[in-house]
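Quick look at run-v1.txt (compact mmCIF, C-alpha atoms and all ligand atoms):
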```
# COMPACT_ATOMS: atom_id res chain seq x y z
CA MET U 1 -13.44 -8.15 -19.51
CA GLU U 2 -10.66 -8.85 -16.99
CA LYS U 3 -11.01 -11.78 -14.66
CA VAL U 4 -10.48 -11.65 -10.89
CA LEU U 5 -9.80 -14.90 -9.05
CA PHE U 6 -11.27 -14.81 -5.57
CA ALA U 7 -10.62 -17.08 -2.59
CA SER U 8 -13.16 -16.16 0.08
CA ALA U 9 -12.20 -16.08 3.76
CA HIS U 10 -15.68 -17.31 4.60
CA VAL U 11 -15.69 -20.91 5.82
CA ASP U 12 -18.92 -22.72 4.99
CA ARG U 13 -18.00 -26.09 6.47
CA ILE U 14 -15.87 -27.07 9.48
CA ASP U 15 -13.22 -28.62 7.29
CA ALA U 16 -9.61 -27.48 6.87
CA ASP U 17 -10.01 -27.76 3.10
CA CYS U 18 -12.68 -25.01 3.21
CA SER U 19 -10.39 -22.52 4.96
CA LEU U 20 -8.45 -19.76 3.24
CA PRO U 21 -4.99 -21.38 2.74
CA PRO U 22 -6.25 -24.41 0.74
CA LYS U 23 -8.54 -22.12 -1.29
CA PHE U 24 -5.59 -19.83 -1.93
CA ALA U 25 -3.51 -22.84 -3.07
CA ARG U 26 -6.25 -23.69 -5.58
CA LEU U 27 -6.35 -20.05 -6.68
CA LEU U 28 -2.58 -20.05 -7.26
CA ASP U 29 -2.94 -23.19 -9.40
CA LYS U 30 -5.15 -21.16 -11.76
CA CYS U 31 -2.77 -18.22 -12.15
CA GLY U 32 -0.72 -19.60 -15.05
CA TYR U 33 2.61 -19.00 -13.35
CA GLU U 34 4.54 -21.39 -15.60
CA ASP U 35 3.77 -19.19 -18.63
CA LYS U 36 4.59 -16.04 -16.69
CA PHE U 37 7.55 -17.02 -14.57
CA LYS U 38 9.41 -20.12 -15.87
CA ASP U 39 13.17 -19.40 -15.72
CA LYS U 40 12.46 -15.78 -14.67
CA ARG U 41 13.75 -13.83 -11.69
CA VAL U 42 10.53 -12.83 -9.96
CA ALA U 43 10.38 -9.87 -7.56
CA ILE U 44 7.61 -10.39 -5.01
CA LYS U 45 6.92 -6.80 -4.01
CA MET U 46 5.43 -6.41 -0.55
CA HIS U 47 5.03 -3.64 1.96
CA VAL U 48 6.53 -5.42 4.97
CA GLY U 49 5.33 -2.87 7.55
CA SER U 50 7.23 -1.47 10.49
CA GLY U 51 7.40 -1.11 14.28
CA MET U 52 4.82 -3.08 16.24
CA GLY U 53 2.41 -3.63 13.37
CA PHE U 54 1.12 -7.20 13.50
CA TYR U 55 -1.59 -7.19 10.84
CA THR U 56 0.51 -7.35 7.70
CA ILE U 57 0.18 -10.37 5.37
CA HIS U 58 0.62 -13.62 7.30
CA PRO U 59 3.89 -15.38 6.33
CA ILE U 60 1.96 -18.54 5.47
CA PHE U 61 0.47 -16.78 2.43
CA VAL U 62 3.83 -15.29 1.44
CA ARG U 63 5.36 -18.77 1.61
CA MET U 64 2.60 -20.13 -0.62
CA VAL U 65 3.30 -17.47 -3.26
CA VAL U 66 7.04 -18.17 -3.12
CA ASP U 67 6.43 -21.93 -3.47
CA ALA U 68 4.04 -21.37 -6.40
CA VAL U 69 6.70 -19.38 -8.24
CA LYS U 70 9.34 -22.04 -7.55
CA GLN U 71 7.02 -24.84 -8.70
CA ALA U 72 6.49 -22.90 -11.93
CA GLY U 73 10.25 -22.83 -12.50
CA GLY U 74 10.75 -19.22 -11.43
CA LYS U 75 13.37 -17.73 -9.10
CA PRO U 76 11.59 -15.59 -6.51
CA PHE U 77 12.91 -12.97 -4.13
CA LEU U 78 10.96 -10.84 -1.69
CA THR U 79 11.49 -7.09 -1.82
CA ASP U 80 10.42 -3.76 -0.34
CA GLY U 81 11.93 -0.31 0.12
CA SER U 82 15.46 -0.75 1.45
CA PHE U 83 14.62 1.10 4.66
CA SER U 84 12.01 -1.61 5.41
CA THR U 85 13.94 -4.82 4.96
CA ASP U 86 15.18 -4.98 8.57
CA MET U 87 11.53 -4.76 9.59
CA ALA U 88 10.74 -7.80 7.46
CA VAL U 89 12.51 -10.04 9.98
CA ALA U 90 10.31 -8.87 12.86
CA ARG U 91 7.21 -9.92 10.93
CA GLY U 92 8.54 -13.37 10.04
CA TYR U 93 9.47 -12.59 6.45
CA THR U 94 12.80 -14.38 6.54
CA HIS U 95 14.37 -16.84 4.13
CA GLU U 96 13.80 -19.68 6.61
CA VAL U 97 10.07 -18.93 6.92
CA VAL U 98 8.98 -17.73 3.49
CA GLY U 99 11.57 -19.60 1.42
CA ALA U 100 13.07 -16.60 -0.39
CA ARG U 101 15.64 -13.90 0.29
CA VAL U 102 14.46 -10.45 1.33
CA VAL U 103 16.18 -7.83 -0.80
CA GLY U 104 16.08 -4.03 -0.58
CA ALA U 105 14.34 -2.81 -3.75
CA GLY U 106 16.78 0.07 -4.09
CA GLY U 107 19.88 -1.78 -2.91
CA GLU U 108 21.41 -1.74 0.55
CA HIS U 109 21.22 2.06 0.87
CA ASP U 110 18.18 2.87 -1.32
CA ARG U 111 20.50 4.47 -3.88
CA TYR U 112 20.41 1.83 -6.61
CA VAL U 113 17.88 3.48 -8.92
CA TYR U 114 17.23 4.12 -12.61
CA THR U 115 15.91 7.58 -13.48
CA VAL U 116 13.16 7.63 -16.12
CA LYS U 117 11.07 10.43 -17.65
CA THR U 118 7.28 10.62 -17.26
CA ASP U 119 4.57 12.44 -19.26
CA PHE U 120 3.47 14.35 -16.16
CA PRO U 121 4.96 17.88 -16.00
CA ASP U 122 4.54 18.06 -12.22
CA LEU U 123 6.63 14.91 -11.82
CA PRO U 124 8.90 14.96 -14.88
CA GLU U 125 11.11 12.08 -13.76
CA VAL U 126 11.13 9.27 -11.21
CA GLN U 127 13.84 7.05 -9.80
CA LEU U 128 12.82 3.41 -10.13
CA CYS U 129 14.34 0.91 -7.71
CA GLY U 130 17.12 -1.02 -9.44
CA ASN U 131 16.24 -4.47 -8.10
CA ILE U 132 12.68 -4.10 -9.42
CA VAL U 133 13.80 -2.94 -12.87
CA ASP U 134 16.41 -5.72 -13.06
CA ALA U 135 13.84 -8.45 -12.28
CA ASP U 136 12.27 -10.29 -15.21
CA ALA U 137 8.84 -10.41 -13.63
CA MET U 138 6.95 -9.19 -10.58
CA ILE U 139 4.17 -10.25 -8.25
CA VAL U 140 2.61 -7.26 -6.52
CA LEU U 141 1.61 -8.87 -3.22
CA SER U 142 -0.40 -6.25 -1.36
CA HIS U 143 -2.20 -6.01 1.95
CA GLY U 144 -5.45 -4.07 1.51
CA LYS U 145 -5.95 -1.41 4.20
CA GLY U 146 -6.92 2.22 4.63
CA HIS U 147 -4.48 5.03 3.98
CA GLY U 148 -4.50 8.63 5.17
CA HIS U 149 -3.14 9.98 1.91
CA THR U 150 -4.94 7.95 -0.70
CA GLY U 151 -7.95 6.55 1.14
CA TYR U 152 -6.83 2.99 0.33
CA GLY U 153 -3.43 1.35 0.22
CA GLY U 154 -3.27 -1.67 -2.09
CA ALA U 155 -1.52 -2.59 -5.33
CA ILE U 156 -1.26 0.94 -6.77
CA LYS U 157 0.35 2.29 -3.64
CA ASN U 158 2.56 -0.79 -3.27
CA ILE U 159 4.11 0.04 -6.64
CA ALA U 160 3.93 3.84 -6.61
CA MET U 161 5.51 4.30 -3.19
CA GLY U 162 7.43 1.07 -2.88
CA CYS U 163 9.21 0.77 -6.23
CA VAL U 164 10.82 4.22 -6.21
CA GLY U 165 13.77 5.72 -4.34
CA TYR U 166 13.45 7.99 -1.31
CA GLY U 167 13.72 11.19 -3.35
CA SER U 168 10.90 10.21 -5.67
CA ARG U 169 8.69 9.18 -2.76
CA GLY U 170 9.14 12.67 -1.36
CA ALA U 171 8.47 14.25 -4.78
CA ILE U 172 5.21 12.30 -5.19
CA HIS U 173 4.05 13.24 -1.70
CA ALA U 174 4.99 16.85 -2.40
CA LEU U 175 2.36 16.92 -5.16
CA MET U 176 0.00 17.26 -2.22
CA ARG U 177 2.06 20.09 -0.73
CA ALA U 178 -0.38 21.98 1.41
CA HIS U 179 -0.68 24.55 4.05
CA PHE U 180 -0.57 23.50 7.70
CA GLU U 181 -2.69 25.29 10.30
CA TRP U 182 -1.69 25.05 13.95
CA ASP U 183 -4.03 26.34 16.64
CA SER U 184 -2.01 27.19 19.77
CA GLU U 185 -5.21 27.42 21.81
CA LEU U 186 -6.17 23.82 21.06
CA CYS U 187 -2.63 22.44 21.35
CA THR U 188 -1.88 20.58 24.59
CA HIS U 189 1.82 20.07 23.72
CA CYS U 190 1.34 16.32 23.96
CA GLU U 191 3.90 15.91 21.14
CA GLN U 192 2.03 13.02 19.52
CA CYS U 193 2.49 14.79 16.20
CA ILE U 194 6.25 14.85 16.79
CA SER U 195 6.58 11.20 17.79
CA GLY U 196 4.37 10.16 14.84
CA CYS U 197 6.45 11.98 12.23
CA PRO U 198 8.63 9.57 10.23
CA THR U 199 11.07 12.26 9.10
CA GLN U 200 11.52 14.43 12.22
CA ALA U 201 10.12 17.32 10.21
CA ILE U 202 8.04 18.78 13.01
CA ARG U 203 9.11 20.40 16.27
CA PHE U 204 8.42 23.19 18.73
CA ASN U 205 10.71 26.21 18.51
CA ASP U 206 12.15 28.21 21.41
CA ARG U 207 8.88 30.14 21.71
CA ASP U 208 6.88 26.86 21.92
CA GLU U 209 5.39 27.38 18.47
CA LEU U 210 4.95 24.30 16.33
CA GLY U 211 6.83 24.41 13.04
CA ILE U 212 7.12 22.04 10.09
CA SER U 213 10.15 21.84 7.86
CA GLU U 214 8.95 21.84 4.24
CA HIS U 215 12.29 20.33 3.32
CA HIS U 216 11.85 17.21 5.41
CA CYS U 217 8.06 16.89 5.31
CA ARG U 218 6.69 14.06 3.14
CA TYR U 219 3.08 15.22 3.57
CA CYS U 220 2.17 11.81 4.94
CA MET U 221 -0.30 13.40 7.40
CA HIS U 222 0.73 11.18 10.30
CA CYS U 223 0.96 14.34 12.42
CA THR U 224 -2.49 15.69 11.59
CA ILE U 225 -4.17 12.30 11.95
CA SER U 226 -2.48 11.59 15.27
CA CYS U 227 -3.27 15.00 16.82
CA PRO U 228 -5.93 14.23 19.45
CA THR U 229 -7.31 17.77 19.72
CA GLY U 230 -7.53 18.88 16.10
CA ALA U 231 -4.92 21.58 16.79
CA LEU U 232 -2.96 20.62 13.70
CA GLN U 233 -4.75 20.55 10.36
CA MET U 234 -3.64 20.36 6.77
CA GLU U 235 -5.60 22.15 4.11
CA GLN U 236 -5.95 19.85 1.10
CA PRO U 237 -7.55 21.26 -2.00
CA LEU U 238 -9.14 18.59 -4.20
CA GLU U 239 -6.91 19.35 -7.17
CA LYS U 240 -3.83 18.55 -5.08
CA PHE U 241 -5.32 15.25 -4.01
CA GLU U 242 -6.03 14.42 -7.66
CA LYS U 243 -2.53 15.49 -8.65
CA PHE U 244 -1.06 13.15 -6.05
CA GLN U 245 -3.13 10.25 -7.37
CA ARG U 246 -2.08 11.13 -10.93
CA GLY U 247 1.53 11.03 -9.77
CA MET U 248 1.00 7.53 -8.37
CA ALA U 249 -0.58 6.38 -11.65
CA GLU U 250 2.36 7.80 -13.64
CA VAL U 251 4.83 5.94 -11.43
CA CYS U 252 2.85 2.73 -11.87
CA ARG U 253 2.99 3.17 -15.63
CA ALA U 254 6.74 3.83 -15.51
CA VAL U 255 7.36 0.73 -13.38
CA LEU U 256 5.08 -1.54 -15.44
CA ASN U 257 6.70 -0.34 -18.67
CA THR U 258 9.94 -1.98 -17.55
CA PHE U 259 8.35 -5.46 -17.81
CA GLU U 260 7.39 -7.52 -20.84
CA ASP U 261 3.70 -8.33 -21.35
CA ASN U 262 2.26 -10.99 -19.03
CA ARG U 263 5.13 -10.70 -16.54
CA VAL U 264 3.32 -8.84 -13.74
CA HIS U 265 0.70 -10.43 -11.54
CA TYR U 266 -1.30 -8.96 -8.65
CA ILE U 267 -2.40 -10.60 -5.42
CA SER U 268 -4.27 -8.54 -2.83
CA VAL U 269 -4.84 -9.99 0.62
CA LEU U 270 -7.98 -8.58 2.19
CA THR U 271 -7.56 -9.86 5.73
CA ASN U 272 -7.03 -7.75 8.86
CA ILE U 273 -8.23 -4.66 7.01
CA THR U 274 -7.18 -1.80 9.27
CA PRO U 275 -7.79 1.94 8.78
CA LEU U 276 -4.14 3.03 8.62
CA CYS U 277 -1.16 2.04 6.50
CA ASP U 278 1.22 -0.67 7.76
CA CYS U 279 4.00 1.98 7.81
CA TRP U 280 2.50 3.46 10.99
CA GLY U 281 4.22 0.78 13.04
CA PHE U 282 1.22 -0.34 15.03
CA SER U 283 -2.06 -2.09 14.36
CA THR U 284 -5.62 -1.23 15.34
CA PRO U 285 -8.47 -3.77 15.17
CA PRO U 286 -9.62 -4.90 11.72
CA LEU U 287 -12.60 -2.86 10.52
CA VAL U 288 -14.59 -5.52 8.70
CA PRO U 289 -14.65 -9.33 8.65
CA ASP U 290 -11.86 -10.80 6.52
CA VAL U 291 -12.84 -10.78 2.84
CA GLY U 292 -10.27 -13.17 1.32
CA ILE U 293 -7.61 -13.03 -1.37
CA LEU U 294 -7.92 -11.64 -4.90
CA ALA U 295 -5.66 -12.20 -7.91
CA SER U 296 -5.59 -10.56 -11.31
CA ASP U 297 -3.29 -9.79 -14.24
CA ASN U 298 -4.31 -6.13 -14.23
CA ILE U 299 -3.62 -3.31 -11.78
CA VAL U 300 -6.93 -1.51 -12.31
CA THR U 301 -8.91 -4.72 -11.99
CA ILE U 302 -7.27 -5.79 -8.73
CA GLU U 303 -7.75 -2.37 -7.13
CA GLN U 304 -11.33 -1.81 -8.32
CA SER U 305 -12.44 -5.29 -7.22
CA ALA U 306 -10.69 -5.03 -3.83
CA LEU U 307 -12.33 -1.70 -3.10
CA ASP U 308 -15.73 -3.00 -4.21
CA MET U 309 -15.44 -5.89 -1.74
CA ILE U 310 -14.72 -3.73 1.33
CA ASP U 311 -18.24 -2.70 2.37
CA TYR U 312 -19.06 0.09 4.78
CA GLU U 313 -22.12 -1.95 5.78
CA ARG U 314 -19.82 -4.60 7.26
CA LEU U 315 -17.97 -2.15 9.56
CA ILE U 316 -17.59 -3.85 12.95
CA PRO U 317 -18.71 -1.48 15.74
CA GLY U 318 -15.93 -0.39 18.09
CA THR U 319 -13.04 -1.10 15.72
CA LEU U 320 -12.29 2.49 14.66
CA PRO U 321 -9.78 4.41 16.80
CA ASP U 322 -11.58 7.16 18.75
CA GLN U 323 -9.75 9.86 16.80
CA LEU U 324 -11.30 8.63 13.55
CA CYS U 325 -14.83 8.65 14.99
CA PRO U 326 -17.42 9.34 13.95
CA PRO U 327 -16.83 8.34 10.33
CA GLY U 328 -18.34 10.50 7.59
CA ASP U 329 -21.75 9.70 6.17
CA HIS U 330 -21.15 9.09 2.49
CA GLY U 331 -18.99 7.16 0.06
CA HIS U 332 -16.75 4.14 0.46
CA LEU U 333 -15.75 3.01 3.95
CA PHE U 334 -12.32 4.58 3.52
CA GLU U 335 -13.77 7.85 2.21
CA ARG U 336 -15.90 8.04 5.34
CA ILE U 337 -12.81 7.47 7.51
CA HIS U 338 -10.20 9.57 5.66
CA GLY U 339 -12.35 12.04 3.69
CA LYS U 340 -10.69 10.90 0.44
CA ASP U 341 -12.27 8.94 -2.37
CA PRO U 342 -10.16 5.77 -2.65
CA TYR U 343 -11.40 5.20 -6.21
CA GLU U 344 -9.57 8.31 -7.46
CA GLN U 345 -6.28 6.39 -7.77
CA VAL U 346 -8.13 3.79 -9.85
CA ARG U 347 -9.58 6.48 -12.13
CA GLN U 348 -6.12 7.96 -12.60
CA CYS U 349 -4.73 4.55 -13.58
CA VAL U 350 -7.56 4.15 -16.09
CA ALA U 351 -6.72 7.61 -17.50
CA ALA U 352 -3.07 6.50 -17.74
CA GLY U 353 -4.17 3.61 -19.96
CA LEU U 354 -3.44 0.89 -17.42
CA GLY U 355 -6.77 -0.93 -17.60
CA SER U 356 -10.52 -0.80 -17.31
CA THR U 357 -12.84 -1.10 -14.33
CA GLU U 358 -14.95 -3.84 -15.95
CA TYR U 359 -14.25 -7.22 -14.39
CA GLU U 360 -15.81 -10.56 -13.56
CA VAL U 361 -15.13 -12.61 -10.46
CA GLU U 362 -14.31 -16.32 -10.48
CA ASP U 363 -14.95 -17.72 -7.05
CA VAL U 364 -12.32 -20.38 -6.31
CA ARG U 365 -13.67 -22.91 -3.83
S1 LIG U 401 3.00 15.40 7.21
FE1 LIG U 401 4.24 13.60 7.80
S2 LIG U 401 6.35 14.17 7.33
FE2 LIG U 401 5.16 16.07 7.36
S3 LIG U 401 5.38 16.86 9.43
FE3 LIG U 401 3.51 15.63 9.39
S4 LIG U 401 4.12 13.58 10.06
FE4 LIG U 401 5.99 14.70 9.47
S1 LIG U 402 -0.43 16.37 18.49
FE1 LIG U 402 -1.74 18.19 18.39
S2 LIG U 402 -2.05 18.74 20.53
FE2 LIG U 402 -0.29 17.35 20.50
S3 LIG U 402 1.51 18.70 20.33
FE3 LIG U 402 0.91 18.16 18.25
S4 LIG U 402 -0.45 19.81 17.56
FE4 LIG U 402 -0.30 19.95 19.81
```
If you took the structure in this file and wrote it as structure tokens, what would it be?
Amino acid sequence: MEKVLFASAHVDRIDADCSLPPKFARLLDKCGYEDKFKDKRVAIKMHVGSGMGFYTIHPIFVRMVVDAVKQAGGKPFLTDGSFSTDMAVARGYTHEVVGARVVGAGGEHDRYVYTVKTDFPDLPEVQLCGNIVDADAMIVLSHGKGHGHTGYGGAIKNIAMGCVGYGSRGAIHALMRAHFEWDSELCTHCEQCISGCPTQAIRFNDRDELGISEHHCRYCMHCTISCPTGALQMEQPLEKFEKFQRGMAEVCRAVLNTFEDNRVHYISVLTNITPLCDCWGFSTPPLVPDVGILASDNIVTIEQSALDMIDYERLIPGTLPDQLCPPGDHGHLFERIHGKDPYEQVRQCVAAGLGSTEYEVEDVR
């Protein structure tokens, strides 16, 4: 059974040593980094967020991970999709603050990639970011939050969307290719869908009809989620959702296959758990009280345990944006919010042979 190390955010005594950073330091001491990382170049893969988002992982925790790798004799660098590295500075992820360089995973222009084959006919090949493949080891440092496409964005998404080039990200999203419905009667022409689109794929034509360019669309659903009137909807058959999750699992397998055994470690930070991905460029209030920080050697274990610890019962009233209210009435918190079972990506990773959902928790105090 896989072990999950857990540092709880709960403070039981008014004592700095009982707060999350010292507990996280004790957790890092138990991670066996010397065996994993001594003399290795270690990619610390994050999703650094964008725009005005202020609820990504606090730099203090990033610094602690960097220091732990250095103390173990490793050579860390921080990395994310090349388009995101400028955004890292705005959130305090700079060499001066976190103690490591921030490097574009796919090189300066997101074109440094290695193309590999997969076993999935709908996604026969993927372009893996060169600076990830070239690293000797990796820490997948993820912020746990909701996600419109997958229900949950954690370690699986951090790898599947963040360790591939732009073309492959589009190809994975296109597995969910679906039909858009636009209701001109409900549309107020507020253009929120247009300003929310990361690829400028959506616009009104000369006759004031809303159109979406299939070529540019990544199927991220920012437009449908941000539409305040429900005028824009995307039909999403279940099999397409499952196909998308399978695509993510295949990418994870392809990325993990580039590392030797015992060279990848997972840390998921469950603080400031918001309903939308950090790529949206803004933050809404955290949905539940901070849970803490989890660490594991296995991708399935980290994701299953993180999801299990985010309880619907702990939803703080008033924290959901009005457009996401009321939440649905069944399933995980993120299924109620996004209508998608966040455990599907975990099941697909199990089916891909990446691990098992059985785990035990060691509470690090
Ligand atoms: S799904 Fe995403 S990429 Fe496509 S039109 Fe909507 S916002 Fe743009
Ligand atoms: S967000 Fe909705 S209401 Fe506003 S322009 Fe787009 S489709 Fe119309």
Env. residues ligand LIG 402 (chain U) / 7 Å / only C-alpha atoms and all ligand atoms / as a list in words: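 Written in the requested form, the residues are Trp182, Leu186, Cys187, Thr188, His189, Cys190, Glu191, Gln192, Cys193, Ile194, Cys223, Ser226, Cys227, Pro228, Thr229, Gly230, Ala231 and Leu232 of chain U.
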Let me make sure I understand: among U:Thr319, U:Thr274, U:Ser184, U:Thr150, which one has the smallest atom-to-atom distance to Phe204 of chain U if we use all atoms listed in the file? U:Ser184
To one decimal place, how far is atom FE2 of ligand LIG 401 (chain U) from atom CA of Glu185 of chain U in Å? 21.1 Å
Applying 6 Å and all atoms listed in the file, which residues near Val4 of chain U remain after dropping the ones on its own chain fewer than 4 positions away? List them as number ranges by chain. U: 295-296, 361
Which one of U:Gly107, U:Pro326, U:Gly247, U:Gly148 sits closest to ligand LIG 401 (chain U) if you count all atoms listed in the file? U:Gly148
Would you write out, as a Markdown table, a table of all residues in chain U that have an atom no more than 6 Å from an atom of ligand LIG 401 (chain U), listing for each the closest atom pair and the distance in Å to one decimal, considering only C-alpha atoms and all ligand atoms and ordering rows by chain and rising residue number?
```
| residue | atom | partner | partner_atom | distance |
| --- | --- | --- | --- | --- |
| U:Gly196 | CA | U:LIG401 | S4 | 5.9 |
| U:Cys197 | CA | U:LIG401 | S4 | 3.6 |
| U:Pro198 | CA | U:LIG401 | FE4 | 5.8 |
| U:Thr199 | CA | U:LIG401 | S2 | 5.4 |
| U:Ala201 | CA | U:LIG401 | S3 | 4.8 |
| U:Ile202 | CA | U:LIG401 | S3 | 4.9 |
| U:Ile212 | CA | U:LIG401 | S3 | 5.5 |
| U:Cys217 | CA | U:LIG401 | FE2 | 3.6 |
| U:Arg218 | CA | U:LIG401 | S2 | 4.2 |
| U:Tyr219 | CA | U:LIG401 | S1 | 3.6 |
| U:Cys220 | CA | U:LIG401 | FE1 | 4.0 |
| U:Met221 | CA | U:LIG401 | S1 | 3.9 |
| U:His222 | CA | U:LIG401 | S4 | 4.2 |
| U:Cys223 | CA | U:LIG401 | S4 | 4.0 |
```
